[in-house]
>>> print(open('entry11.txt').read())   # compact mmCIF, C-alpha atoms
# COMPACT_ATOMS: atom_id res chain seq x y z
CA ALA A 1 14.78 0.63 15.16
CA GLN A 2 16.12 -0.59 11.87
CA THR A 3 18.03 1.75 9.58
CA ILE A 4 19.07 1.17 6.01
CA HIS A 5 21.92 3.06 4.42
CA GLN A 6 22.91 3.15 0.77
CA TRP A 7 26.13 4.40 -0.74
CA PRO A 8 27.03 6.41 -2.65
CA VAL A 9 24.14 8.86 -2.75
CA ALA A 10 24.81 9.56 -6.42
CA GLU A 11 27.29 8.52 -9.09
CA ILE A 12 28.18 9.79 -12.55
CA LYS A 13 30.07 7.14 -14.51
CA ALA A 14 31.28 6.57 -18.05
CA VAL A 15 29.96 3.83 -20.30
CA GLY A 16 32.18 0.77 -19.96
CA SER A 17 33.40 1.62 -16.47
CA PRO A 18 32.85 -0.62 -13.43
CA LEU A 19 30.29 0.02 -10.72
CA SER A 20 29.78 -0.97 -7.12
CA LEU A 21 26.80 0.14 -5.04
CA GLY A 22 26.31 -0.79 -1.41
CA CYS A 23 23.56 -1.22 1.11
CA THR A 24 23.80 -1.80 4.86
CA ILE A 25 21.00 -2.50 7.29
CA LYS A 26 21.41 -2.01 11.01
CA GLY A 27 19.18 -3.16 13.83
CA LYS A 28 17.91 -6.36 12.23
CA SER A 29 19.66 -9.70 12.10
CA SER A 30 19.27 -11.99 9.10
CA PRO A 31 16.99 -9.75 7.05
CA ASN A 32 15.89 -10.61 3.55
CA LEU A 33 17.51 -8.09 1.20
CA TYR A 34 16.51 -6.89 -2.26
CA TRP A 35 17.82 -4.68 -5.07
CA TYR A 36 15.47 -2.69 -7.26
CA TRP A 37 16.01 -0.47 -10.30
CA GLN A 38 13.81 2.47 -11.20
CA ALA A 39 14.10 4.37 -14.49
CA THR A 40 13.41 8.10 -14.25
CA GLY A 41 9.65 8.48 -14.03
CA GLY A 42 9.21 4.71 -14.09
CA THR A 43 8.12 1.90 -11.84
CA LEU A 44 10.24 -0.32 -9.60
CA GLN A 45 11.72 -3.51 -10.97
CA GLN A 46 13.16 -6.08 -8.61
CA LEU A 47 16.65 -7.24 -9.67
CA PHE A 48 17.93 -9.56 -6.92
CA TYR A 49 17.00 -10.93 -3.56
CA SER A 50 18.94 -12.65 -0.80
CA ILE A 51 17.69 -14.55 2.21
CA THR A 52 21.07 -15.30 3.76
CA VAL A 53 24.79 -14.56 3.54
CA GLY A 54 26.39 -15.82 0.36
CA GLN A 55 23.07 -16.63 -1.31
CA VAL A 56 21.66 -14.34 -4.02
CA GLU A 57 18.89 -15.02 -6.51
CA SER A 58 18.53 -13.10 -9.76
CA VAL A 59 15.05 -11.94 -10.73
CA VAL A 60 15.87 -10.16 -13.99
CA GLN A 61 19.01 -9.98 -16.06
CA LEU A 62 20.35 -6.49 -16.65
CA ASN A 63 24.09 -7.30 -16.93
CA LEU A 64 24.40 -6.70 -13.19
CA SER A 65 25.44 -8.94 -10.35
CA ALA A 66 24.85 -8.90 -6.62
CA SER A 67 26.57 -10.35 -3.59
CA ARG A 68 25.90 -10.59 0.12
CA PRO A 69 29.27 -10.76 1.86
CA LYS A 70 27.89 -10.08 5.36
CA ASP A 71 24.56 -10.53 7.08
CA ASP A 72 23.91 -6.79 7.01
CA GLN A 73 25.44 -5.92 3.64
CA PHE A 74 24.26 -6.22 0.03
CA ILE A 75 26.39 -5.17 -2.95
CA LEU A 76 25.32 -4.49 -6.55
CA SER A 77 28.01 -4.38 -9.20
CA THR A 78 28.99 -4.66 -12.83
CA GLU A 79 32.32 -4.66 -14.63
CA LYS A 80 31.03 -2.68 -17.60
CA LEU A 81 28.30 -0.06 -17.43
CA LEU A 82 25.80 0.54 -20.23
CA LEU A 83 23.79 3.70 -20.89
CA SER A 84 20.69 1.70 -19.98
CA HIS A 85 21.96 1.25 -16.42
CA SER A 86 21.15 4.86 -15.60
CA GLY A 87 18.42 5.26 -13.01
CA PHE A 88 17.65 5.03 -9.32
CA TYR A 89 18.85 1.96 -7.44
CA LEU A 90 17.02 1.01 -4.29
CA CYS A 91 17.88 -1.50 -1.61
CA ALA A 92 15.05 -2.93 0.46
CA TRP A 93 14.66 -5.35 3.35
CA SER A 94 11.95 -7.49 4.88
CA PRO A 95 12.08 -8.98 8.35
CA TYR A 96 11.72 -12.65 7.40
CA TRP A 97 10.75 -15.01 4.62
CA GLY A 98 6.99 -14.88 4.45
CA ALA A 99 6.72 -11.23 5.49
CA TYR A 100 6.26 -9.69 2.11
CA GLU A 101 6.22 -6.05 3.06
CA GLN A 102 9.50 -4.50 2.07
CA TYR A 103 11.14 -1.37 3.46
CA PHE A 104 13.23 0.72 1.15
CA GLY A 105 16.45 2.65 1.58
CA PRO A 106 17.06 6.19 0.33
CA GLY A 107 18.45 5.05 -3.03
CA THR A 108 21.46 5.79 -5.23
CA ARG A 109 21.05 7.95 -8.33
CA LEU A 110 23.25 6.61 -11.17
CA THR A 111 23.95 8.55 -14.35
CA VAL A 112 25.89 6.79 -17.09
CA LEU A 113 27.34 9.05 -19.80
CA GLY B 1 1.93 -13.90 -15.31
CA ASP B 2 1.03 -11.67 -12.40
CA SER B 3 0.36 -8.02 -13.17
CA VAL B 4 -0.87 -4.76 -11.66
CA THR B 5 -2.61 -1.93 -13.49
CA GLN B 6 -3.07 1.52 -11.99
CA THR B 7 -4.87 4.75 -12.83
CA GLU B 8 -2.92 6.47 -15.52
CA GLY B 9 -1.49 9.72 -14.25
CA PRO B 10 -0.74 12.36 -13.53
CA VAL B 11 -3.60 13.40 -11.27
CA THR B 12 -4.00 17.03 -10.20
CA LEU B 13 -6.37 17.97 -7.37
CA SER B 14 -7.15 20.96 -5.20
CA GLU B 15 -6.67 20.74 -1.45
CA GLY B 16 -9.71 19.37 0.32
CA THR B 17 -10.99 17.31 -2.60
CA SER B 18 -11.23 13.53 -2.61
CA LEU B 19 -8.80 11.11 -4.22
CA THR B 20 -9.30 7.72 -5.84
CA VAL B 21 -6.44 5.86 -7.48
CA ASN B 22 -7.59 2.70 -9.22
CA CYS B 23 -5.58 -0.49 -8.96
CA SER B 24 -6.47 -3.81 -10.57
CA TYR B 25 -4.44 -6.97 -10.39
CA GLU B 26 -4.14 -10.36 -12.03
CA THR B 27 -2.77 -13.42 -10.32
CA LYS B 28 -3.58 -17.09 -10.04
CA GLN B 29 -2.34 -17.10 -6.47
CA TYR B 30 -3.81 -15.66 -3.31
CA PRO B 31 -2.04 -12.31 -2.98
CA THR B 32 -1.06 -9.78 -0.38
CA LEU B 33 -1.66 -6.22 -1.61
CA PHE B 34 0.27 -3.08 -0.78
CA TRP B 35 0.20 0.65 -1.35
CA TYR B 36 3.50 2.52 -1.35
CA VAL B 37 4.16 6.27 -1.57
CA GLN B 38 7.32 7.83 -3.02
CA TYR B 39 8.33 11.45 -2.54
CA PRO B 40 10.78 13.07 -4.99
CA GLY B 41 14.34 11.84 -4.57
CA GLU B 42 13.42 9.30 -1.88
CA GLY B 43 12.82 5.58 -1.65
CA PRO B 44 9.22 4.35 -1.51
CA GLN B 45 7.53 4.14 1.88
CA LEU B 46 5.04 1.46 2.78
CA LEU B 47 1.64 3.08 3.25
CA PHE B 48 -0.15 -0.11 4.30
CA LYS B 49 -0.71 -3.73 3.36
CA VAL B 50 -3.80 -5.93 3.29
CA PRO B 51 -3.20 -9.68 3.37
CA LYS B 52 -6.79 -10.85 3.35
CA ALA B 53 -9.68 -10.49 0.92
CA ASN B 54 -12.45 -8.05 1.81
CA GLU B 55 -10.35 -6.41 4.49
CA LYS B 56 -9.37 -2.76 4.60
CA GLY B 57 -5.99 -1.19 5.10
CA SER B 58 -5.50 2.39 6.19
CA ASN B 59 -2.85 4.89 7.20
CA ARG B 60 -2.54 8.70 7.29
CA GLY B 61 -6.14 9.08 6.12
CA PHE B 62 -5.64 6.81 3.10
CA GLU B 63 -7.55 3.56 2.84
CA ALA B 64 -8.10 0.69 0.44
CA THR B 65 -10.23 -2.45 0.49
CA TYR B 66 -8.99 -5.67 -1.05
CA ASN B 67 -11.89 -6.78 -3.28
CA LYS B 68 -11.15 -10.33 -4.32
CA GLU B 69 -14.21 -10.68 -6.59
CA ALA B 70 -13.38 -7.54 -8.56
CA THR B 71 -9.58 -8.09 -8.24
CA SER B 72 -9.29 -4.45 -7.23
CA PHE B 73 -7.53 -2.50 -4.48
CA HIS B 74 -8.38 1.17 -5.03
CA LEU B 75 -6.69 3.84 -2.90
CA GLN B 76 -8.94 6.55 -1.47
CA LYS B 77 -8.64 9.63 0.65
CA ALA B 78 -11.53 11.90 1.56
CA SER B 79 -9.62 15.17 1.67
CA VAL B 80 -6.15 15.57 0.20
CA GLN B 81 -3.52 18.02 1.38
CA GLU B 82 -0.62 19.64 -0.45
CA SER B 83 1.75 17.35 1.49
CA ASP B 84 0.12 14.32 -0.18
CA SER B 85 1.77 15.26 -3.47
CA ALA B 86 3.82 12.19 -4.40
CA VAL B 87 3.79 9.09 -6.58
CA TYR B 88 1.60 6.23 -5.36
CA TYR B 89 2.29 2.61 -6.24
CA CYS B 90 0.06 -0.39 -5.88
CA ALA B 91 2.02 -3.64 -5.41
CA LEU B 92 1.20 -7.32 -5.51
CA GLY B 93 2.97 -9.90 -3.41
CA PRO B 94 2.54 -13.56 -2.53
CA HIS B 95 0.39 -14.54 0.44
CA GLN B 96 2.57 -17.41 1.50
CA GLY B 97 5.34 -19.50 0.05
CA GLY B 98 6.75 -18.75 -3.37
CA SER B 99 9.30 -16.07 -4.19
CA ALA B 100 9.70 -12.76 -2.46
CA LYS B 101 8.91 -10.85 -5.63
CA LEU B 102 6.78 -7.73 -5.35
CA ILE B 103 5.18 -6.56 -8.58
CA PHE B 104 4.61 -2.82 -8.70
CA GLY B 105 2.14 -0.91 -10.81
CA GLU B 106 3.28 1.93 -13.03
CA GLY B 107 2.66 4.53 -10.35
CA THR B 108 0.25 7.45 -10.21
CA LYS B 109 1.70 10.91 -9.72
CA LEU B 110 -0.50 13.09 -7.54
CA THR B 111 -0.11 16.85 -7.41
CA VAL B 112 -2.22 18.76 -4.89
CA SER B 113 -2.47 22.52 -5.20
CA SER B 114 -3.52 24.87 -2.42
>>> encode(input="entry11.txt", output="structure tokens")
Amino acid sequence: AQTIHQWPVAEIKAVGSPLSLGCTIKGKSSPNLYWYWQATGGTLQQLFYSITVGQVESVVQLNLSASRPKDDQFILSTEKLLLSHSGFYLCAWSPYWGAYEQYFGPGTRLTVL
Amino acid sequence: GDSVTQTEGPVTLSEGTSLTVNCSYETKQYPTLFWYVQYPGEGPQLLFKVPKANEKGSNRGFEATYNKEATSFHLQKASVQESDSAVYYCALGPHQGGSAKLIFGEGTKLTVSS
């Protein structure tokens, strides 16, 4: 069975500080990977997707970047956090291009002060 | 562009009553439709998907029929339980080709009291 792990579980960071969030999926080779952002009480907004190592596509610009250094790993980062970055960050995967159901990880709660 | 509109929440029901969450969509493509459920502090879980028009999806007593003519995909359950309290999202995805983008509705928060 596939498992998806996100780290850290929660972060409290200062405005202007850097950020790195991670996601690892086990039990599935070459998954499609996605990052989503969810404001408190809000809907899910897709940020990035990746279909293979080293290849990341941006869906919406929020002064964030993403990288896929390994087949099973997806990283979300920024050098300078804004207050508006607060929220719930979710990593998701789908088994192959053309299978549009996506399976979500447990999420990382980010608070920017 | 593509969009999804859901029943405005929150919705409060008593155990044993029926649930309908309305979902309407707009797209020029031929979509795949999804319902997701999110419990507090967790990531969303896929409830079910329906890739074809006029077909029904179902899981855990929830069901929805993809009505292409009405561009609707309403979620229904005959008898809700307290454990169904969660936020429900309708989502629109491509049928084939194109990007992997899922478009989520605003979510409908359901609270079921015993």
>>> residues_around(input="entry11.txt", residues="Ser20 of chain A", least_positions_apart="3", cutoff="9 Å", atoms="all atoms listed in the file", output="JSON, numbers by chain")
{"A": [75, 76, 77, 78, 79]}
>>> residues_around(input="entry11.txt", residues="segment 88-92 of chain A", least_positions_apart="4", cutoff="9 Å", atoms="all atoms listed in the file", output="ChimeraX atom specification")
/A:4-6,10,21-24,32-40,44,74,102-111 /B:41,43-44
>>> atom_distance(input="entry11.txt", atom1="atom CA of Glu82 of chain B", atom2="atom CA of Thr111 of chain B")
7.5 Å
>>> closest_atom_pairs(input="entry11.txt", of="chain B", to="chain A", cutoff="12 Å", atoms="only C-alpha atoms", output="Markdown table")
| residue | atom | partner | partner_atom | distance |
| --- | --- | --- | --- | --- |
| B:Val4 | CA | A:Thr43 | CA | 11.2 |
| B:Thr5 | CA | A:Thr43 | CA | 11.5 |
| B:Gln6 | CA | A:Thr43 | CA | 11.2 |
| B:Gly9 | CA | A:Gly41 | CA | 11.2 |
| B:Pro10 | CA | A:Gly41 | CA | 11.1 |
| B:Pro31 | CA | A:Tyr100 | CA | 10.1 |
| B:Thr32 | CA | A:Tyr100 | CA | 7.7 |
| B:Leu33 | CA | A:Glu101 | CA | 9.2 |
| B:Phe34 | CA | A:Glu101 | CA | 7.7 |
| B:Trp35 | CA | A:Glu101 | CA | 10.0 |
| B:Tyr36 | CA | A:Tyr103 | CA | 9.8 |
| B:Val37 | CA | A:Phe104 | CA | 11.0 |
| B:Gln38 | CA | A:Phe104 | CA | 10.1 |
| B:Tyr39 | CA | A:Pro106 | CA | 10.6 |
| B:Pro40 | CA | A:Gly41 | CA | 10.2 |
| B:Gly41 | CA | A:Pro106 | CA | 8.0 |
| B:Glu42 | CA | A:Pro106 | CA | 5.3 |
| B:Gly43 | CA | A:Pro106 | CA | 4.7 |
| B:Pro44 | CA | A:Phe104 | CA | 6.0 |
| B:Gln45 | CA | A:Phe104 | CA | 6.7 |
| B:Leu46 | CA | A:Tyr103 | CA | 6.8 |
| B:Leu47 | CA | A:Glu101 | CA | 10.2 |
| B:Phe48 | CA | A:Glu101 | CA | 8.8 |
| B:Lys49 | CA | A:Glu101 | CA | 7.3 |
| B:Val50 | CA | A:Glu101 | CA | 10.0 |
| B:Pro51 | CA | A:Tyr100 | CA | 9.5 |
| B:Ala86 | CA | A:Gly41 | CA | 11.9 |
| B:Val87 | CA | A:Gly41 | CA | 9.5 |
| B:Tyr88 | CA | A:Thr43 | CA | 10.2 |
| B:Tyr89 | CA | A:Thr43 | CA | 8.1 |
| B:Cys90 | CA | A:Thr43 | CA | 10.3 |
| B:Ala91 | CA | A:Glu101 | CA | 9.8 |
| B:Leu92 | CA | A:Tyr100 | CA | 9.4 |
| B:Gly93 | CA | A:Tyr100 | CA | 6.4 |
| B:Pro94 | CA | A:Tyr100 | CA | 7.1 |
| B:His95 | CA | A:Gly98 | CA | 7.7 |
| B:Gln96 | CA | A:Gly98 | CA | 5.9 |
| B:Gly97 | CA | A:Gly98 | CA | 6.6 |
| B:Gly98 | CA | A:Gly98 | CA | 8.7 |
| B:Ser99 | CA | A:Trp97 | CA | 9.0 |
| B:Ala100 | CA | A:Tyr100 | CA | 6.5 |
| B:Lys101 | CA | A:Gln46 | CA | 7.0 |
| B:Leu102 | CA | A:Gln46 | CA | 7.4 |
| B:Ile103 | CA | A:Gln45 | CA | 7.6 |
| B:Phe104 | CA | A:Leu44 | CA | 6.2 |
| B:Gly105 | CA | A:Thr43 | CA | 6.7 |
| B:Glu106 | CA | A:Thr43 | CA | 5.0 |
| B:Gly107 | CA | A:Thr43 | CA | 6.2 |
| B:Thr108 | CA | A:Thr43 | CA | 9.8 |
| B:Lys109 | CA | A:Gly41 | CA | 9.4 |
>>> atom_distance(input="entry11.txt", atom1="atom CA of Thr17 of chain B", atom2="atom CA of Ser72 of chain B")
22.3 Å
>>> residues_around(input="entry11.txt", residues="Leu83 of chain A", least_positions_apart="3", cutoff="9 Å", atoms="all atoms listed in the file", output="PyMOL selection string")
chain A and resi 14-16+86+111-113
>>> closest_residue(input="entry11.txt", among="B:Thr12, B:Asn54, B:Ser113, B:Ser18", to="Phe73 of chain B", atoms="all atoms listed in the file")
B:Asn54
>>> atom_distance(input="entry11.txt", atom1="atom CA of Lys70 of chain A", atom2="atom CA of Gln55 of chain A")
10.5 Å
>>> residues_around(input="entry11.txt", residues="Ala64 of chain B", least_positions_apart="5", cutoff="8 Å", atoms="all atoms listed in the file", output="list in words")
Lys56, Gly57, Ser58, Phe73, His74, Leu75 and Gln76 of chain B
